[in-house]
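Trainee: Structure below; questions to follow.
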Amino acid sequence: MSTLRQILRRYVVALSLVSIIVLLGATICLQIGNEQKHAYDIATQTLSQIEQVLNDNDRAIAEAHEEYHRECLNNASVIARVIEGDPGVISSVDSMKELALISGVDEIHIFDETGRIFAGTHPQYYGYTFDSGEQMSFFKPMLEDKSLQLVQEITPNTAEGKMMQYSAIWSRNGDVIVEVGMEPTRVMKATEENELSYLFSLFRVNPEASYFAIDARSGRIIGSTNESDVGHTANDVGLSIDDIESKPDGFSATVNGRQSFCVFQQVDDVYLGRTVSNADLYHRIPEAALLLFLCLALVVGVLSAAISFCINRFVVGKINDVNRELGHITQGNLNETVDVRGSREFSELSDHLNVMIKAILRNSEKMSYVLAKTNLLIGVYEHNEATGQVVCSEYLPEVLNLTDAQLTELAADFNRFEQFIDGIRANPVPGEESIFLLPGEGDKRPGKYLKIGETVEHSSVFGVVIDVTETVMRRKQIERERDRDPLTGLYNRRGLDSKLAALFQAPGELGFSAFAMIDADDLKMVNDTYGHDKGDIYLRRVSEIIKDFGPHRSVVARQSGDEFVLFLYGYESKGELLGTLEELAGMQDRTHAQLDDALEIPLRFSLGYSLTRRDADYREAIKRADRLMYANKRERKGDYL
């Protein structure tokens, strides 16, 4: 057998190695986490900027479209008035071109009442009609209604396929139709600047980073810093739509053959994302890890040597002294005392050992004293088959809620006594070990929680019964306060998780089920207008409404300040479950809250619900219901502004 010195030396060496590995591993993990957090922050900031630029550009494009619409129509109106004042101008192509130059348009076409071009800036178009192409057919309804003034969206023209915007009006005398065409240069430039690949090139500061825009419905790449990726699917380049949707904080993937850290955000129907290669993201970690390892090895080596020296001198040597003196005592010399000094701890140990030796000599007296002074109600019984009777301690009747006469009757027959004890054991307390419920008999004999233990040796049974009611009740009270919301009495987030985890461990009992997320609208208005005490009443009224739903079984929780979770389960059909949810939805705007005797206000709440399967991840169902609740909140927000 190894000596204590050898054992301690081995443990010090092992502990040193483990410490180095743990500290090094923890540091590397922390560095990896920091690098990923930094990459996530850069990605979210950049993607938010791209989203803002896209929104600004969309507004700019819309404004440019609207401006071109007005400008085209105004130009057509001005040219029509010029022609009405000087009809002869339409007979000269040069005059028409000069008029187009003055008016700031690119093309002028004059149609007769049949819809045929007979004059204008481009003679090569003479003879074209509204039936000459899809682009020109847009204006055909004007032949039926001379009050129409039409502006066409930007589209390729019929003759050349050039992108143009046309507008047309009738002259006031109704003789001709004046059509003007303009090249939408500002609109096309704004549209080009809104292309995702163009925007990505502006934001790509790190050449190791790549940006992607993926259509959320088809999974197709519609924009990328790598033009060759455009048109392929996300899977083609190594990206998973499931990861993009379920891991908003970032995930690892092999993108175009490179292991990368990816962060994506959804903007409307598009996933915008940034990927950066692991080689670039973690390039500083190996050098830092090596330097840390050398420093830790040096520090741990010095500490290990110092610790080993101190242990050998101040611990192992003193323990040997204690063992030598204890050996004398074990040989029968009870008058021997232990006197090992050198440190306060060994001095105290010597004193305690000397006190213990004296205490052993009067053990019986001490045990009797302890049992007499204990605050616990402890009952002891013993019986064997030979005598057929039970010997009981004086506190056993009180512990078992029995009178002395009742216990005497039971103790006369150990079989009846064991049946009585077995009857108590038939009511185990869930979650407690060897603790059972003894039912009460009204106020005179309240129920109790008893801890029962027995040992059997040959044919003899020795048992101990302890009244642990106060301990169990205190623990249950703590659990209730821990798992319940004090304002509403509903489960809090911890209590909800605990309850749902237990329910989903036995999915066969769930039946048809659903999660509903409820958000109390107008809570801030109530707090600001009537005070926070009225806001608490408002929240309690919402909780009362929710608790009333679920004719079968339900779990209701207050998840945060004004958000509630309702889990309905045990329904026999989907239709019955949906009926209950629709009934709850119907109360969103037709309920009132009585804040005091003279104040009643409308009570409104937003609602989103999600049906769930027995084998589903209930956390995902809660998230879906939460998203639908916020969608419902946005839809209803305008109804009572």
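All residue names refer to the structure tokens as shown: chains lettered A, B, ... in order, residues numbered from 1 in each chain, ligands numbered from 1 in order.
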Identify, with DSSP run on backbone atoms, the residues in stretch 235-342 of chain A assigned to helix (DSSP H, G or I), and express the list as a VMD selection string.

Mentor: chain A and resid 235 to 237 241 to 246 278 to 281 285 to 330

Trainee: Generate a file of the selected residues that holds C-alpha atoms, formatted as a compact mmCIF listing (two decimals), in the first residue's frame.

Mentor:
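The new file out.txt reads:
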# COMPACT_ATOMS: atom_id res chain seq x y z
CA ASN A 235 -27.86 23.47 -50.04
CA ASP A 236 -25.64 23.72 -53.13
CA VAL A 237 -23.18 25.98 -51.27
CA ILE A 241 -32.43 26.35 -44.30
CA ASP A 242 -33.22 24.49 -41.05
CA ASP A 243 -30.07 25.93 -39.43
CA ILE A 244 -30.87 29.40 -40.77
CA GLU A 245 -34.40 29.29 -39.30
CA SER A 246 -33.63 27.62 -35.96
CA ASN A 278 -13.04 29.58 -39.30
CA ALA A 279 -9.45 30.06 -40.41
CA ASP A 280 -9.95 33.83 -40.31
CA LEU A 281 -12.28 33.85 -37.29
CA ILE A 285 -6.43 31.42 -30.83
CA PRO A 286 -3.56 28.86 -31.42
CA GLU A 287 -0.81 31.40 -30.62
CA ALA A 288 -2.66 32.63 -27.52
CA ALA A 289 -3.30 29.05 -26.38
CA LEU A 290 0.38 28.11 -26.68
CA LEU A 291 1.48 31.15 -24.68
CA LEU A 292 -1.15 30.42 -22.03
CA PHE A 293 -0.04 26.77 -21.81
CA LEU A 294 3.59 27.74 -21.15
CA CYS A 295 2.57 30.24 -18.47
CA LEU A 296 0.24 27.76 -16.77
CA ALA A 297 2.85 24.99 -16.85
CA LEU A 298 5.39 27.26 -15.18
CA VAL A 299 2.98 28.52 -12.51
CA VAL A 300 1.51 25.09 -11.76
CA GLY A 301 4.98 23.50 -11.58
CA VAL A 302 6.18 26.01 -9.00
CA LEU A 303 2.97 25.74 -6.98
CA SER A 304 3.04 21.92 -7.06
CA ALA A 305 6.58 21.82 -5.72
CA ALA A 306 5.76 24.28 -2.94
CA ILE A 307 2.55 22.43 -2.02
CA SER A 308 4.33 19.06 -1.90
CA PHE A 309 7.01 20.45 0.42
CA CYS A 310 4.46 22.01 2.78
CA ILE A 311 2.26 18.89 2.86
CA ASN A 312 5.20 16.64 3.68
CA ARG A 313 6.44 18.87 6.46
CA PHE A 314 3.28 20.20 8.06
CA VAL A 315 0.67 17.50 7.31
CA VAL A 316 2.15 14.06 6.71
CA GLY A 317 4.69 14.36 9.52
CA LYS A 318 2.09 15.54 12.02
CA ILE A 319 -0.35 12.79 11.00
CA ASN A 320 2.37 10.25 11.72
CA ASP A 321 2.71 11.74 15.21
CA VAL A 322 -1.06 11.48 15.76
CA ASN A 323 -1.08 7.87 14.57
CA ARG A 324 1.71 6.95 16.97
CA GLU A 325 -0.12 8.35 19.99
CA LEU A 326 -3.48 6.86 18.92
CA GLY A 327 -1.74 3.50 18.64
CA HIS A 328 -0.92 3.69 22.31
CA ILE A 329 -4.59 4.37 23.11
CA THR A 330 -5.84 1.47 20.99

Trainee: Can you pull out the residues contacting A:Leu566? Cut-off 12 Å, using only C-alpha atoms, and skip same-chain residues under 3 positions away; I want them as a ChimeraX atom specification.

Mentor: /A:490-492,496,500,513-519,542-550,553-559,563,569,580-581,584,607-611,621-622,625-626

Trainee: Using only C-alpha atoms, which residues sit within 10 Å of stretch 394-399 of chain A once same-chain residues fewer than 2 positions away are excluded, as a ChimeraX atom specification?

Mentor: /A:376-381,391-392,401-408,438,448-450,464-468

Trainee: Keeping only C-alpha atoms, write those residues as a PDB file, in the first residue's frame.

Mentor:
ATOM      1  CA  LEU A 376     -38.272  15.689  16.753  1.00  0.00           C
ATOM      2  CA  LEU A 377     -41.045  13.283  17.626  1.00  0.00           C
ATOM      3  CA  ILE A 378     -39.387   9.886  17.261  1.00  0.00           C
ATOM      4  CA  GLY A 379     -41.105   6.584  17.911  1.00  0.00           C
ATOM      5  CA  VAL A 380     -39.317   3.261  18.123  1.00  0.00           C
ATOM      6  CA  TYR A 381     -40.759  -0.245  17.989  1.00  0.00           C
ATOM      7  CA  VAL A 391     -42.394  -3.273  22.233  1.00  0.00           C
ATOM      8  CA  CYS A 392     -42.911   0.479  21.702  1.00  0.00           C
ATOM      9  CA  ASN A 401     -51.944   9.643  16.019  1.00  0.00           C
ATOM     10  CA  LEU A 402     -53.062   6.801  18.327  1.00  0.00           C
ATOM     11  CA  THR A 403     -54.306   6.737  21.875  1.00  0.00           C
ATOM     12  CA  ASP A 404     -52.437   4.657  24.385  1.00  0.00           C
ATOM     13  CA  ALA A 405     -55.322   2.159  24.385  1.00  0.00           C
ATOM     14  CA  GLN A 406     -55.291   1.855  20.575  1.00  0.00           C
ATOM     15  CA  LEU A 407     -51.541   1.280  20.491  1.00  0.00           C
ATOM     16  CA  THR A 408     -51.768  -1.305  23.298  1.00  0.00           C
ATOM     17  CA  LEU A 438     -50.817   9.480   7.566  1.00  0.00           C
ATOM     18  CA  LYS A 448     -48.946  13.901   9.238  1.00  0.00           C
ATOM     19  CA  TYR A 449     -45.902  13.116   7.125  1.00  0.00           C
ATOM     20  CA  LEU A 450     -43.945  10.219   8.614  1.00  0.00           C
ATOM     21  CA  VAL A 464     -38.114   3.950  13.699  1.00  0.00           C
ATOM     22  CA  VAL A 465     -40.953   6.368  12.886  1.00  0.00           C
ATOM     23  CA  ILE A 466     -40.156  10.103  12.750  1.00  0.00           C
ATOM     24  CA  ASP A 467     -42.725  12.891  12.433  1.00  0.00           C
ATOM     25  CA  VAL A 468     -41.310  15.079   9.600  1.00  0.00           C
TER      26      VAL A 468
END

Trainee: I want to know what sits within 10 Å of A:Val89, based on only C-alpha atoms, with residues of the same chain fewer than 5 positions away left out; could you give that as a VMD selection string?

Mentor: chain A and resid 82 to 84 94 to 96 99 119 to 120

Trainee: So how many Å separate atom CA of A:Glu227 and atom CA of A:Ser252, to one decimal?

Mentor: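 Atom CA of A:Glu227 sits 22.2 Å away from atom CA of A:Ser252.
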
Trainee: Contacts of A:Gly219 at 9 Å or less, counting only C-alpha atoms, minus same-chain residues fewer than 2 places along, as a PyMOL selection string?

Mentor: chain A and resi 214-217+221+232-235+241

Trainee: Can you pull out every residue within 7 Å of stretch 38-52 of chain A, counting only C-alpha atoms, but drop anything in the same chain fewer than 2 positions away, and send it as a short mmCIF file (atom, residue, chain, number, x, y, z; two decimals) with N, CA and C atoms, in the first residue's frame?

Mentor:
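Result file follows (selection-v9.cif):
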data_model
loop_
_atom_site.label_atom_id
_atom_site.label_comp_id
_atom_site.auth_asym_id
_atom_site.auth_seq_id
_atom_site.Cartn_x
_atom_site.Cartn_y
_atom_site.Cartn_z
N ASN A 34 -16.00 34.25 -27.58
CA ASN A 34 -15.84 35.69 -27.81
C ASN A 34 -15.72 36.01 -29.29
N GLU A 35 -14.96 35.18 -30.01
CA GLU A 35 -14.82 35.41 -31.45
C GLU A 35 -16.16 35.26 -32.16
N GLN A 36 -16.94 34.24 -31.75
CA GLN A 36 -18.26 34.06 -32.37
C GLN A 36 -19.18 35.21 -32.01
N LEU A 54 -31.69 48.86 -47.95
CA LEU A 54 -32.72 48.31 -48.83
C LEU A 54 -34.04 49.06 -48.65
N ASN A 55 -34.41 49.32 -47.40
CA ASN A 55 -35.67 50.04 -47.16
C ASN A 55 -35.61 51.45 -47.71
N ASP A 56 -34.45 52.14 -47.49
CA ASP A 56 -34.31 53.49 -48.02
C ASP A 56 -34.36 53.49 -49.54
N GLY A 250 -26.34 32.13 -34.70
CA GLY A 250 -25.19 31.71 -35.48
C GLY A 250 -24.99 30.20 -35.45
N VAL A 263 -24.16 33.72 -39.72
CA VAL A 263 -25.23 34.43 -39.01
C VAL A 263 -26.22 34.93 -40.05
N LEU A 272 -31.03 37.26 -45.04
CA LEU A 272 -29.76 37.93 -45.27
C LEU A 272 -28.74 37.34 -44.29
N ARG A 274 -24.31 36.56 -43.26
CA ARG A 274 -22.86 36.80 -43.38
C ARG A 274 -22.12 35.56 -42.90
#

Trainee: Could you pull the residues within 7 Å of A:Glu454, counting only C-alpha atoms, minus those fewer than 3 positions along the same chain, as a ChimeraX atom specification?

Mentor: /A:461-464

Trainee: I'd like the interatomic distance between atom CA of A:Ser147 and atom CA of A:Asp86, to a tenth of an Å.

Mentor: 22.0 Å

Trainee: Among the residues of stretch 412-639 of chain A, find those DSSP assigns to strand (DSSP E) from the backbone and print them as a ChimeraX atom specification.

Mentor: /A:435-438,448-457,460-467,512-520,553-558,563-571,591-596,599-603,605-612

Trainee: Restricting it to C-alpha atoms, dump the selection as a compact mmCIF listing (two decimals), in the first residue's frame.

Mentor:
# COMPACT_ATOMS: atom_id res chain seq x y z
CA ILE A 435 -41.84 9.43 3.62
CA PHE A 436 -45.54 8.54 3.83
CA LEU A 437 -48.80 10.38 4.47
CA LEU A 438 -50.82 9.48 7.57
CA LYS A 448 -48.95 13.90 9.24
CA TYR A 449 -45.90 13.12 7.12
CA LEU A 450 -43.95 10.22 8.61
CA LYS A 451 -40.51 8.85 7.77
CA ILE A 452 -40.40 5.11 8.41
CA GLY A 453 -37.33 2.91 8.48
CA GLU A 454 -36.98 -0.74 9.45
CA THR A 455 -34.13 -3.16 9.83
CA VAL A 456 -34.66 -6.90 9.87
CA GLU A 457 -32.19 -9.27 11.45
CA SER A 460 -36.44 -9.57 14.69
CA VAL A 461 -37.73 -6.27 13.31
CA PHE A 462 -36.51 -2.90 14.58
CA GLY A 463 -38.34 0.18 13.34
CA VAL A 464 -38.11 3.95 13.70
CA VAL A 465 -40.95 6.37 12.89
CA ILE A 466 -40.16 10.10 12.75
CA ASP A 467 -42.72 12.89 12.43
CA PHE A 512 -55.10 16.88 -28.86
CA SER A 513 -53.26 19.86 -27.40
CA ALA A 514 -52.26 23.45 -28.16
CA PHE A 515 -50.29 26.36 -26.76
CA ALA A 516 -51.80 29.84 -26.65
CA MET A 517 -49.77 33.00 -25.97
CA ILE A 518 -51.76 35.91 -24.53
CA ASP A 519 -50.47 39.48 -24.18
CA ALA A 520 -52.42 41.98 -22.08
CA ARG A 553 -57.12 19.86 -18.49
CA SER A 554 -54.96 22.98 -18.78
CA VAL A 555 -51.77 24.63 -17.51
CA VAL A 556 -51.75 28.41 -17.12
CA ALA A 557 -48.65 30.52 -16.42
CA ARG A 558 -47.61 34.13 -16.30
CA GLU A 563 -47.53 37.76 -21.22
CA PHE A 564 -49.37 34.57 -20.32
CA VAL A 565 -49.12 30.97 -21.55
CA LEU A 566 -52.14 28.65 -21.78
CA PHE A 567 -51.56 24.97 -22.55
CA LEU A 568 -54.73 23.01 -23.35
CA TYR A 569 -54.49 19.21 -23.53
CA GLY A 570 -56.53 16.05 -23.17
CA TYR A 571 -59.03 16.94 -25.94
CA THR A 591 -64.42 41.90 -21.98
CA HIS A 592 -64.19 44.54 -19.25
CA ALA A 593 -62.09 44.93 -16.12
CA GLN A 594 -63.60 46.40 -12.95
CA LEU A 595 -60.67 48.37 -11.50
CA ASP A 596 -62.72 49.73 -8.57
CA LEU A 599 -64.16 52.42 -12.74
CA GLU A 600 -64.70 49.82 -15.45
CA ILE A 601 -62.57 49.81 -18.59
CA PRO A 602 -62.40 47.60 -21.70
CA LEU A 603 -60.07 44.63 -21.35
CA PHE A 605 -55.58 41.08 -25.19
CA SER A 606 -53.65 39.78 -28.20
CA LEU A 607 -53.67 36.06 -28.90
CA GLY A 608 -51.69 33.54 -30.90
CA TYR A 609 -52.00 29.78 -30.66
CA SER A 610 -50.25 26.75 -32.10
CA LEU A 611 -51.40 23.13 -32.12
CA THR A 612 -48.75 20.66 -31.04

Trainee: What does the distance from atom CA of A:Thr27 to atom CA of A:Cys262 come to in Å, to one decimal?

Mentor: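 Atom CA of A:Thr27 sits 22.4 Å away from atom CA of A:Cys262.
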